[in-house]
file protein-v2.cif (mmCIF, C-alpha atoms)
data_model
loop_
_atom_site.label_atom_id
_atom_site.label_comp_id
_atom_site.auth_asym_id
_atom_site.auth_seq_id
_atom_site.Cartn_x
_atom_site.Cartn_y
_atom_site.Cartn_z
CA GLU A 1 10.46 435.05 90.54
CA SER A 2 10.54 431.72 92.26
CA VAL A 3 8.22 431.53 95.24
CA LEU A 4 10.69 429.86 97.55
CA ALA A 5 12.65 430.92 100.55
CA ASP A 6 16.29 430.84 99.57
CA GLY A 7 19.16 430.17 101.91
CA GLU A 8 20.31 433.78 102.08
CA ASP A 9 17.05 434.89 103.66
CA LEU A 10 16.75 432.14 106.23
CA PRO A 11 18.92 431.54 109.25
CA GLU A 12 20.21 428.00 109.53
CA ALA A 13 19.59 427.36 105.85
CA GLU A 14 22.92 425.92 104.81
CA PRO A 15 22.40 423.51 101.93
CA MET A 16 23.49 419.93 102.52
CA LEU A 17 25.07 417.83 99.84
CA GLN A 18 22.52 415.62 98.14
CA SER A 19 24.68 412.54 98.66
CA THR A 20 24.74 413.29 102.40
CA ILE A 21 20.97 413.61 102.50
CA GLN A 22 20.43 410.27 100.82
CA LYS A 23 22.57 408.50 103.43
CA GLU A 24 20.97 410.11 106.47
CA GLU A 25 17.49 409.65 107.81
CA VAL A 26 15.33 412.71 108.19
CA SER A 27 15.42 414.01 111.73
CA SER A 28 12.13 415.09 113.15
CA CYS A 29 11.30 418.34 114.83
CA GLU A 30 8.70 417.83 117.52
CA LEU A 31 6.96 421.18 117.09
CA ASP A 32 3.23 421.11 116.56
CA SER A 33 2.01 422.62 113.28
CA VAL A 34 -0.69 424.45 115.26
CA ILE A 35 1.97 426.40 117.19
CA LEU A 36 3.70 427.36 113.96
CA ALA A 37 0.46 428.35 112.20
CA LYS A 38 -0.76 430.41 115.16
CA SER A 39 2.65 432.08 115.38
CA LEU A 40 2.27 433.07 111.72
CA ARG A 41 -1.18 434.43 112.52
CA HIS A 42 0.25 436.56 115.33
CA MET A 43 3.06 437.83 113.12
CA ALA A 44 0.34 439.06 110.77
CA VAL A 45 -1.46 440.80 113.65
CA ILE A 46 1.77 442.55 114.61
CA GLU A 47 2.27 443.72 111.00
CA GLY A 48 -1.37 444.74 110.66
CA ILE A 49 -2.16 442.44 107.76
CA ASP A 50 -4.76 439.75 107.23
CA LEU A 51 -3.37 436.35 106.36
CA THR A 52 -5.77 433.87 104.83
CA GLN A 53 -5.81 430.23 105.81
CA SER A 54 -4.34 429.48 102.37
CA GLN A 55 -1.44 431.89 102.90
CA ILE A 56 -0.67 430.42 106.31
CA GLN A 57 -0.74 426.88 104.93
CA THR A 58 1.48 427.79 101.98
CA ILE A 59 4.04 429.68 104.07
CA LEU A 60 4.14 426.75 106.48
CA TYR A 61 4.60 424.34 103.56
CA ILE A 62 7.42 426.43 102.05
CA ALA A 63 9.17 426.61 105.42
CA TYR A 64 8.72 422.85 105.84
CA GLY A 65 10.12 422.10 102.36
CA VAL A 66 13.09 424.44 102.61
CA ARG A 67 13.98 423.01 106.03
CA LEU A 68 13.87 419.46 104.62
CA ALA A 69 16.08 420.50 101.72
CA THR A 70 18.63 422.51 103.69
CA LYS A 71 18.75 420.78 107.08
CA ASN A 72 17.25 417.37 106.33
CA GLU A 73 14.93 418.07 109.23
CA ARG A 74 11.17 418.29 109.36
CA LEU A 75 9.88 421.59 110.68
CA THR A 76 6.91 420.03 112.42
CA SER A 77 5.76 416.66 113.68
CA GLU A 78 2.83 416.77 111.25
CA HIS A 79 3.26 415.88 107.58
CA PRO A 80 1.51 417.96 104.93
CA GLN A 81 -1.33 416.28 103.08
CA MET A 82 -2.59 416.58 99.53
CA TRP A 83 -5.89 418.45 99.66
CA GLN A 84 -7.88 419.65 96.70
CA TYR A 85 -6.37 423.14 96.53
CA GLY A 86 -2.86 422.42 97.74
CA PRO A 87 -0.70 421.05 100.53
CA VAL A 88 -2.31 421.34 103.97
CA PHE A 89 -1.32 420.62 107.55
CA PRO A 90 -4.74 419.34 108.72
CA ARG A 91 -4.30 419.88 112.46
CA ALA A 92 -3.25 423.48 111.91
CA TYR A 93 -6.00 424.06 109.36
CA ASN A 94 -8.76 422.70 111.58
CA ARG A 95 -7.53 424.49 114.68
CA LEU A 96 -7.22 427.86 112.96
CA ARG A 97 -10.66 427.44 111.45
CA LYS A 98 -12.22 426.80 114.87
CA ASP A 99 -10.08 429.14 116.98
CA ALA A 100 -10.12 432.87 116.29
CA ALA A 101 -7.42 433.65 118.89
CA ASP A 102 -4.58 435.74 117.50
CA GLY A 103 -1.82 433.28 118.46
CA THR A 104 -0.10 435.47 121.05
CA ASP A 105 0.67 432.59 123.43
CA GLU A 106 2.03 430.35 120.68
CA TYR A 107 4.09 433.20 119.23
CA TYR A 108 5.87 433.93 122.52
CA SER A 109 6.20 430.25 123.35
CA LEU A 110 7.95 429.62 120.03
CA LYS A 111 10.06 432.79 120.33
CA THR A 112 11.39 431.90 123.77
CA GLY A 113 11.40 428.09 123.55
CA HIS A 114 12.74 427.64 120.02
CA PRO A 115 14.42 430.93 118.98
CA ASN A 116 16.15 429.46 115.90
CA ILE A 117 12.91 428.02 114.54
CA PHE A 118 11.16 431.28 115.42
CA ARG A 119 13.66 433.33 113.38
CA TYR A 120 13.44 430.86 110.51
CA LEU A 121 9.62 431.04 110.45
CA GLU A 122 9.68 434.82 110.86
CA ASN A 123 11.95 435.15 107.81
CA CYS A 124 9.56 433.00 105.75
CA PHE A 125 6.68 435.15 106.96
CA ARG A 126 8.46 438.39 106.04
CA ARG A 127 9.23 437.09 102.58
CA TYR A 128 5.76 435.78 101.70
CA ALA A 129 3.08 437.35 103.90
CA TRP A 130 2.30 440.11 101.41
CA THR A 131 1.95 437.72 98.46
CA LYS A 132 -1.58 436.87 97.38
CA ALA A 133 -2.59 433.28 98.14
CA CYS A 134 -3.17 432.35 94.49
CA ILE A 135 0.29 433.58 93.47
CA LEU A 136 1.95 432.02 96.51
CA SER A 137 0.46 428.56 96.01
CA THR A 138 0.57 428.25 92.20
CA PRO A 139 4.22 427.05 91.95
CA HIS A 140 3.43 424.28 94.44
CA LEU A 141 0.48 422.90 92.43
CA SER A 142 1.92 422.72 88.93
CA GLU A 143 3.08 419.59 87.11
CA GLY A 144 5.99 417.80 88.77
CA THR A 145 5.47 419.20 92.26
CA PRO A 146 5.15 416.92 95.30
CA TRP A 147 1.44 417.80 95.46
CA SER A 148 0.81 416.92 91.79
CA GLU A 149 2.88 413.71 91.99
CA THR A 150 0.93 412.62 95.06
CA ARG A 151 -2.30 413.44 93.27
CA LYS A 152 -1.25 411.34 90.25
CA SER A 153 -0.55 408.39 92.53
CA ASN A 154 -3.87 408.84 94.35
CA PRO A 155 -6.29 410.19 91.72
CA ASP A 156 -9.51 409.63 93.65
CA ARG A 157 -8.34 410.45 97.17
CA TRP A 158 -7.70 413.62 99.15
CA GLY A 159 -5.92 413.79 102.49
CA VAL A 160 -3.01 411.59 101.41
CA ARG A 161 0.32 412.39 103.04
CA ILE A 162 2.85 414.07 100.75
CA GLU A 163 6.05 412.13 101.31
CA ASP A 164 9.09 413.96 102.68
CA ASP A 165 11.34 412.49 99.97
CA LEU A 166 9.23 414.14 97.25
CA ILE A 167 9.17 417.44 99.11
CA ARG A 168 12.91 417.40 99.84
CA GLU A 169 13.88 416.58 96.25
CA TRP A 170 11.62 419.28 94.80
CA PHE A 171 12.88 421.98 97.18
CA LEU A 172 16.53 420.88 96.78
CA GLN A 173 16.30 421.91 93.13
CA ARG A 174 15.04 425.36 94.11
CA VAL A 175 17.09 426.50 97.11
#
call {"tool": "encode", "arguments": {"input": "protein-v2.cif", "output": "structure tokens"}}
result
Amino acid sequence: ESVLADGEDLPEAEPMLQSTIQKEEVSSCELDSVILAKSLRHMAVIEGIDLTQSQIQTILYIAYGVRLATKNERLTSEHPQMWQYGPVFPRAYNRLRKDAADGTDEYYSLKTGHPNIFRYLENCFRRYAWTKACILSTPHLSEGTPWSETRKSNPDRWGVRIEDDLIREWFLQRV
């Protein structure tokens, strides 16, 4: 089974024509990746499950990629970077690592302030939260993925931004 969120499961996930996407610039969502990551953490608390940092990062990356492919819009103001073990949103990663809070404030802030994004993220969470991190991330690290293409272009560097065009094109083929 493909480890992607498909349009049927996600509100607002109407695919755009590829020719339309190429003519338009990507619009940017101004949400902070930390708010989204902490909201995912709180969703896990509500469900009584433990989400690893890797699971949070991968769910966030999938949501980001599907949103680029279906809405031509970035989910967060932060771009994912190529780290050794997969795509990472560094601000969210570092904040979650340092802050053990359960994300209650961010969860309710997102739910009331951006209900469409909240529902979208919640659907991604529901689809992937119970998938082991290694299974969840594997399809995003294999040959031809945005992560692997960025790694090929930057063989001796980590922390390089994964370009939205690569992410959009890869997810367009899978949604």
call {"tool": "residues_near_point", "arguments": {"input": "protein-v2.cif", "point": "(12.3, 428.1, 119.8)", "cutoff": "12 Å", "atoms": "all atoms listed in the file", "output": "PyMOL selection string"}}
result
chain A and resi 29-32+35-36+39+75+106-122
call {"tool": "residues_around", "arguments": {"input": "protein-v2.cif", "residues": "stretch 54-59 of chain A", "least_positions_apart": "2", "cutoff": "6 Å", "atoms": "only C-alpha atoms", "output": "number ranges by chain"}}
result
A: 51-52, 61-62, 88, 133
call {"tool": "closest_residue", "arguments": {"input": "protein-v2.cif", "among": "A:Leu60, A:Val66, A:Met82, A:Leu166", "to": "A:Leu136", "atoms": "all atoms listed in the file"}}
result
A:Leu60
call {"tool": "resolve_selection", "arguments": {"input": "protein-v2.cif", "expression": "the PyMOL selection byres ((chain A and resi 101) around 9)", "output": "PyMOL selection string"}}
result
chain A and resi 38+41-42+96+99-100+102-104
call {"tool": "closest_residue", "arguments": {"input": "protein-v2.cif", "among": "A:Glu47, A:Pro139, A:Gln81, A:Leu40", "to": "A:Cys124", "atoms": "all atoms listed in the file"}}
result
A:Leu40
call {"tool": "atom_distance", "arguments": {"input": "protein-v2.cif", "atom1": "atom CA of A:Asn94", "atom2": "atom CA of A:Ser33"}}
result
10.9 Å
call {"tool": "closest_residue", "arguments": {"input": "protein-v2.cif", "among": "A:Thr150, A:Asp50, A:Leu141, A:Val34", "to": "A:Ser77", "atoms": "all atoms listed in the file"}}
result
A:Val34
